[in-house]
Amino acid sequence: MAKKGQVFEKYSAEFKLSAVRHYLEGAASYQAVAEQLKIRNCTQLKVWVKKFSEGETFNTRKGSERSSSPLTGRPRMTFGSIEEERDYLKVQVDYLKKRYPNLVKEKPSVNGITMK
(Lines give C-alpha, C1' and ligand atoms only; values in the text may rest on other atoms or scores of the structure.)
Protein backbone atom coordinates (compact mmCIF):
# COMPACT_ATOMS: atom_id res chain seq x y z
CA MET A 1 0.00 0.00 0.00
CA ALA A 2 1.28 3.43 -0.84
CA LYS A 3 2.27 5.70 1.99
CA LYS A 4 1.36 9.37 2.26
CA GLY A 5 3.87 11.51 0.39
CA GLN A 6 5.42 8.54 -1.41
CA VAL A 7 6.85 9.34 -4.82
CA PHE A 8 6.56 6.68 -7.49
CA GLU A 9 9.28 6.11 -10.05
CA LYS A 10 8.19 6.17 -13.69
CA TYR A 11 10.12 4.10 -16.19
CA SER A 12 9.95 4.45 -19.96
CA ALA A 13 8.92 1.54 -22.16
CA GLU A 14 12.44 1.43 -23.62
CA PHE A 15 13.96 1.14 -20.14
CA LYS A 16 11.54 -1.66 -19.22
CA LEU A 17 12.30 -3.53 -22.43
CA SER A 18 16.06 -3.23 -21.91
CA ALA A 19 15.71 -4.46 -18.30
CA VAL A 20 13.67 -7.46 -19.44
CA ARG A 21 16.17 -8.31 -22.17
CA HIS A 22 19.05 -7.94 -19.69
CA TYR A 23 17.34 -10.45 -17.39
CA LEU A 24 16.39 -12.86 -20.20
CA GLU A 25 20.01 -13.02 -21.39
CA GLY A 26 20.57 -15.01 -18.22
CA ALA A 27 23.41 -12.86 -16.93
CA ALA A 28 21.92 -12.35 -13.46
CA SER A 29 18.94 -12.89 -11.17
CA TYR A 30 15.96 -10.57 -10.76
CA GLN A 31 17.55 -9.06 -7.66
CA ALA A 32 20.92 -8.48 -9.31
CA VAL A 33 19.42 -6.88 -12.43
CA ALA A 34 17.16 -4.67 -10.31
CA GLU A 35 20.09 -3.47 -8.21
CA GLN A 36 22.26 -2.90 -11.28
CA LEU A 37 19.61 -0.82 -13.05
CA LYS A 38 18.48 0.91 -9.83
CA ILE A 39 14.93 -0.45 -9.96
CA ARG A 40 13.39 0.00 -6.52
CA ASN A 41 12.10 -3.58 -6.18
CA CYS A 42 12.85 -6.78 -8.07
CA THR A 43 9.14 -7.65 -8.06
CA GLN A 44 8.60 -4.84 -10.54
CA LEU A 45 11.07 -6.51 -12.91
CA LYS A 46 9.22 -9.83 -12.48
CA VAL A 47 5.97 -8.14 -13.55
CA TRP A 48 7.66 -6.67 -16.64
CA VAL A 49 9.13 -10.06 -17.60
CA LYS A 50 5.74 -11.74 -17.19
CA LYS A 51 4.02 -9.10 -19.34
CA PHE A 52 6.75 -9.39 -21.97
CA SER A 53 6.45 -13.18 -22.11
CA GLU A 54 2.65 -12.99 -22.43
CA GLY A 55 2.89 -10.39 -25.20
CA GLU A 56 1.20 -7.57 -23.28
CA THR A 57 2.27 -3.94 -23.38
CA PHE A 58 3.99 -2.55 -20.31
CA ASN A 59 1.59 0.31 -19.69
CA THR A 60 -1.57 -1.76 -19.18
CA ARG A 61 -2.95 -2.38 -15.71
CA LYS A 62 -4.80 -5.42 -14.49
CA GLY A 63 -8.56 -4.83 -14.69
CA SER A 64 -8.22 -1.69 -16.83
CA GLU A 65 -10.65 -3.08 -19.40
CA ARG A 66 -13.50 -2.78 -16.86
CA SER A 67 -13.30 0.90 -16.06
CA SER A 68 -10.85 3.73 -15.72
CA SER A 69 -11.31 4.05 -11.96
CA PRO A 70 -11.88 1.45 -9.27
CA LEU A 71 -14.29 3.86 -7.56
CA THR A 72 -16.87 4.12 -10.34
CA GLY A 73 -19.33 1.64 -8.83
CA ARG A 74 -22.38 0.26 -10.53
CA PRO A 75 -24.27 2.21 -13.19
CA ARG A 76 -27.01 4.53 -11.97
CA MET A 77 -30.67 3.71 -12.46
CA THR A 78 -32.46 5.76 -15.08
CA PHE A 79 -36.17 6.45 -14.88
CA GLY A 80 -38.64 7.67 -17.46
CA SER A 81 -40.47 9.93 -15.01
CA ILE A 82 -40.38 11.19 -11.46
CA GLU A 83 -43.36 9.03 -10.59
CA GLU A 84 -41.52 5.93 -11.75
CA GLU A 85 -38.54 6.82 -9.54
CA ARG A 86 -40.86 7.53 -6.59
CA ASP A 87 -42.54 4.13 -6.95
CA TYR A 88 -39.16 2.42 -7.16
CA LEU A 89 -37.99 4.11 -3.96
CA LYS A 90 -41.25 3.29 -2.16
CA VAL A 91 -40.78 -0.39 -2.97
CA GLN A 92 -37.23 -0.23 -1.58
CA VAL A 93 -38.42 1.41 1.66
CA ASP A 94 -41.22 -1.14 2.09
CA TYR A 95 -38.76 -3.99 1.58
CA LEU A 96 -36.39 -2.57 4.19
CA LYS A 97 -39.23 -2.07 6.67
CA LYS A 98 -40.25 -5.71 6.27
CA ARG A 99 -36.67 -6.94 6.42
CA TYR A 100 -35.72 -4.89 9.51
CA PRO A 101 -38.91 -4.21 11.47
CA ASN A 102 -37.04 -3.27 14.64
CA LEU A 103 -35.62 -0.19 12.91
CA VAL A 104 -39.03 1.38 12.33
CA LYS A 105 -39.48 3.96 15.10
CA GLU A 106 -42.70 5.64 13.96
CA LYS A 107 -45.73 5.56 16.26
CA PRO A 108 -49.34 6.06 15.23
CA SER A 109 -50.32 9.67 14.62
CA VAL A 110 -52.94 11.54 16.61
CA ASN A 111 -54.71 14.38 14.78
CA GLY A 112 -52.06 14.37 12.04
CA ILE A 113 -49.16 14.80 14.51
CA THR A 114 -46.63 11.98 14.75
CA MET A 115 -45.89 10.86 18.30
CA LYS A 116 -42.30 10.21 19.30
# chains A, B, ... in the order shown; residues from 1 in each chain; ligands from 1
>>> residues_around(residues="Leu24 (chain A)", least_positions_apart="2", cutoff="12 Å", atoms="only C-alpha atoms", output="list in words")
Leu17, Ser18, Ala19, Val20, Arg21, His22, Gly26, Ala27, Ala28, Ser29, Tyr30, Val33, Leu45, Lys46, Trp48, Val49, Lys50, Phe52 and Ser53 of chain A
>>> write_last_selection(atoms="all heavy atoms", output="short mmCIF file (atom, residue, chain, number, x, y, z; two decimals), in the first residue's frame")
data_model
loop_
_atom_site.label_atom_id
_atom_site.label_comp_id
_atom_site.auth_asym_id
_atom_site.auth_seq_id
_atom_site.Cartn_x
_atom_site.Cartn_y
_atom_site.Cartn_z
N LEU A 17 11.93 -2.51 -21.46
CA LEU A 17 12.30 -3.53 -22.43
C LEU A 17 13.78 -3.91 -22.29
O LEU A 17 14.13 -5.08 -22.34
CB LEU A 17 12.01 -3.03 -23.85
CG LEU A 17 12.21 -4.02 -24.97
CD1 LEU A 17 11.35 -5.25 -24.77
CD2 LEU A 17 11.92 -3.37 -26.31
N SER A 18 14.63 -2.92 -22.07
CA SER A 18 16.06 -3.23 -21.91
C SER A 18 16.31 -4.02 -20.62
O SER A 18 17.14 -4.93 -20.60
CB SER A 18 16.90 -1.95 -21.93
OG SER A 18 16.64 -1.16 -20.78
N ALA A 19 15.56 -3.71 -19.55
CA ALA A 19 15.71 -4.46 -18.30
C ALA A 19 15.26 -5.90 -18.48
O ALA A 19 15.93 -6.83 -18.01
CB ALA A 19 14.90 -3.78 -17.20
N VAL A 20 14.17 -6.10 -19.20
CA VAL A 20 13.67 -7.46 -19.44
C VAL A 20 14.68 -8.25 -20.28
O VAL A 20 14.99 -9.40 -19.98
CB VAL A 20 12.29 -7.40 -20.14
CG1 VAL A 20 11.89 -8.77 -20.68
CG2 VAL A 20 11.24 -6.88 -19.18
N ARG A 21 15.19 -7.62 -21.32
CA ARG A 21 16.17 -8.31 -22.17
C ARG A 21 17.44 -8.63 -21.39
O ARG A 21 18.03 -9.70 -21.57
CB ARG A 21 16.50 -7.45 -23.39
CG ARG A 21 15.37 -7.45 -24.38
CD ARG A 21 15.78 -6.85 -25.69
NE ARG A 21 14.68 -6.96 -26.63
CZ ARG A 21 14.39 -6.06 -27.54
NH1 ARG A 21 15.12 -4.98 -27.65
NH2 ARG A 21 13.38 -6.22 -28.36
N HIS A 22 17.86 -7.71 -20.52
CA HIS A 22 19.05 -7.94 -19.69
C HIS A 22 18.84 -9.17 -18.80
O HIS A 22 19.73 -9.99 -18.62
CB HIS A 22 19.33 -6.70 -18.85
CG HIS A 22 20.66 -6.71 -18.18
ND1 HIS A 22 21.84 -6.53 -18.87
CD2 HIS A 22 21.00 -6.89 -16.88
CE1 HIS A 22 22.84 -6.60 -18.02
NE2 HIS A 22 22.35 -6.82 -16.80
N GLY A 26 20.11 -14.03 -19.20
CA GLY A 26 20.57 -15.01 -18.22
C GLY A 26 21.83 -14.59 -17.49
O GLY A 26 22.46 -15.41 -16.83
N ALA A 27 22.19 -13.33 -17.57
CA ALA A 27 23.41 -12.86 -16.93
C ALA A 27 23.28 -12.81 -15.41
O ALA A 27 24.26 -13.03 -14.71
CB ALA A 27 23.78 -11.48 -17.48
N ALA A 28 22.07 -12.52 -14.90
CA ALA A 28 21.92 -12.35 -13.46
C ALA A 28 20.48 -12.63 -13.04
O ALA A 28 19.59 -12.80 -13.87
CB ALA A 28 22.32 -10.93 -13.07
N SER A 29 20.27 -12.65 -11.73
CA SER A 29 18.94 -12.89 -11.17
C SER A 29 18.11 -11.61 -11.21
O SER A 29 18.60 -10.53 -11.55
CB SER A 29 19.06 -13.36 -9.72
OG SER A 29 19.60 -12.32 -8.93
N TYR A 30 16.83 -11.74 -10.84
CA TYR A 30 15.96 -10.57 -10.76
C TYR A 30 16.57 -9.52 -9.83
O TYR A 30 16.63 -8.33 -10.16
CB TYR A 30 14.57 -10.95 -10.22
CG TYR A 30 13.67 -11.66 -11.18
CD1 TYR A 30 13.25 -12.96 -10.93
CD2 TYR A 30 13.20 -11.03 -12.33
CE1 TYR A 30 12.38 -13.62 -11.79
CE2 TYR A 30 12.35 -11.67 -13.20
CZ TYR A 30 11.94 -12.96 -12.92
OH TYR A 30 11.09 -13.61 -13.79
N VAL A 33 19.75 -7.80 -11.34
CA VAL A 33 19.42 -6.88 -12.43
C VAL A 33 18.74 -5.64 -11.88
O VAL A 33 19.04 -4.51 -12.30
CB VAL A 33 18.52 -7.57 -13.49
CG1 VAL A 33 18.01 -6.58 -14.52
CG2 VAL A 33 19.26 -8.70 -14.16
N LEU A 45 10.43 -5.87 -11.75
CA LEU A 45 11.07 -6.51 -12.91
C LEU A 45 10.36 -7.82 -13.25
O LEU A 45 10.17 -8.13 -14.42
CB LEU A 45 12.55 -6.75 -12.62
CG LEU A 45 13.35 -7.41 -13.72
CD1 LEU A 45 13.33 -6.58 -14.99
CD2 LEU A 45 14.78 -7.64 -13.26
N LYS A 46 9.94 -8.57 -12.24
CA LYS A 46 9.22 -9.83 -12.48
C LYS A 46 7.93 -9.56 -13.24
O LYS A 46 7.56 -10.31 -14.15
CB LYS A 46 8.91 -10.53 -11.16
CG LYS A 46 10.10 -11.11 -10.46
CD LYS A 46 9.69 -11.75 -9.15
CE LYS A 46 10.90 -12.20 -8.37
NZ LYS A 46 10.52 -12.80 -7.08
N TRP A 48 7.31 -7.04 -15.26
CA TRP A 48 7.66 -6.67 -16.64
C TRP A 48 7.99 -7.90 -17.46
O TRP A 48 7.59 -8.02 -18.61
CB TRP A 48 8.82 -5.70 -16.66
CG TRP A 48 8.54 -4.37 -16.02
CD1 TRP A 48 7.33 -3.82 -15.77
CD2 TRP A 48 9.50 -3.44 -15.56
NE1 TRP A 48 7.48 -2.60 -15.18
CE2 TRP A 48 8.80 -2.33 -15.03
CE3 TRP A 48 10.89 -3.43 -15.53
CZ2 TRP A 48 9.45 -1.22 -14.50
CZ3 TRP A 48 11.53 -2.32 -15.00
CH2 TRP A 48 10.82 -1.23 -14.49
N VAL A 49 8.75 -8.84 -16.88
CA VAL A 49 9.13 -10.06 -17.60
C VAL A 49 7.88 -10.88 -17.92
O VAL A 49 7.74 -11.40 -19.03
CB VAL A 49 10.15 -10.89 -16.78
CG1 VAL A 49 10.36 -12.26 -17.39
CG2 VAL A 49 11.46 -10.14 -16.67
N LYS A 50 6.96 -10.98 -16.97
CA LYS A 50 5.74 -11.74 -17.19
C LYS A 50 4.92 -11.10 -18.31
O LYS A 50 4.41 -11.80 -19.20
CB LYS A 50 4.92 -11.79 -15.90
CG LYS A 50 3.65 -12.61 -16.03
CD LYS A 50 2.91 -12.67 -14.72
CE LYS A 50 1.64 -13.48 -14.88
NZ LYS A 50 0.81 -13.46 -13.70
N PHE A 52 6.02 -9.22 -20.72
CA PHE A 52 6.75 -9.39 -21.97
C PHE A 52 6.55 -10.80 -22.53
O PHE A 52 6.31 -10.98 -23.72
CB PHE A 52 8.24 -9.12 -21.76
CG PHE A 52 9.07 -9.26 -22.99
CD1 PHE A 52 9.10 -8.26 -23.95
CD2 PHE A 52 9.82 -10.41 -23.21
CE1 PHE A 52 9.86 -8.40 -25.09
CE2 PHE A 52 10.58 -10.56 -24.35
CZ PHE A 52 10.61 -9.55 -25.29
N SER A 53 6.60 -11.80 -21.65
CA SER A 53 6.45 -13.18 -22.11
C SER A 53 5.03 -13.49 -22.57
O SER A 53 4.82 -14.36 -23.41
CB SER A 53 6.88 -14.16 -21.01
OG SER A 53 6.02 -14.04 -19.90
#
>>> atom_distance(atom1="CA of Asn59 (chain A)", atom2="CA of Val7 (chain A)")
18.2 Å
>>> atom_distance(atom1="CA of Phe15 (chain A)", atom2="CA of Ala34 (chain A)")
11.9 Å
>>> atom_distance(atom1="CA of Tyr11 (chain A)", atom2="CA of Glu54 (chain A)")
19.7 Å
>>> closest_residue(among="A:Lys38, A:Lys16, A:Glu83, A:Gly5", to="Lys51 (chain A)", atoms="only C-alpha atoms")
A:Lys16
>>> select_by_dssp(residues="region 16-101 of chain A", states="alpha helix (DSSP H)", output="PyMOL selection string")
chain A and resi 16-24+30-36+42-54+82-99
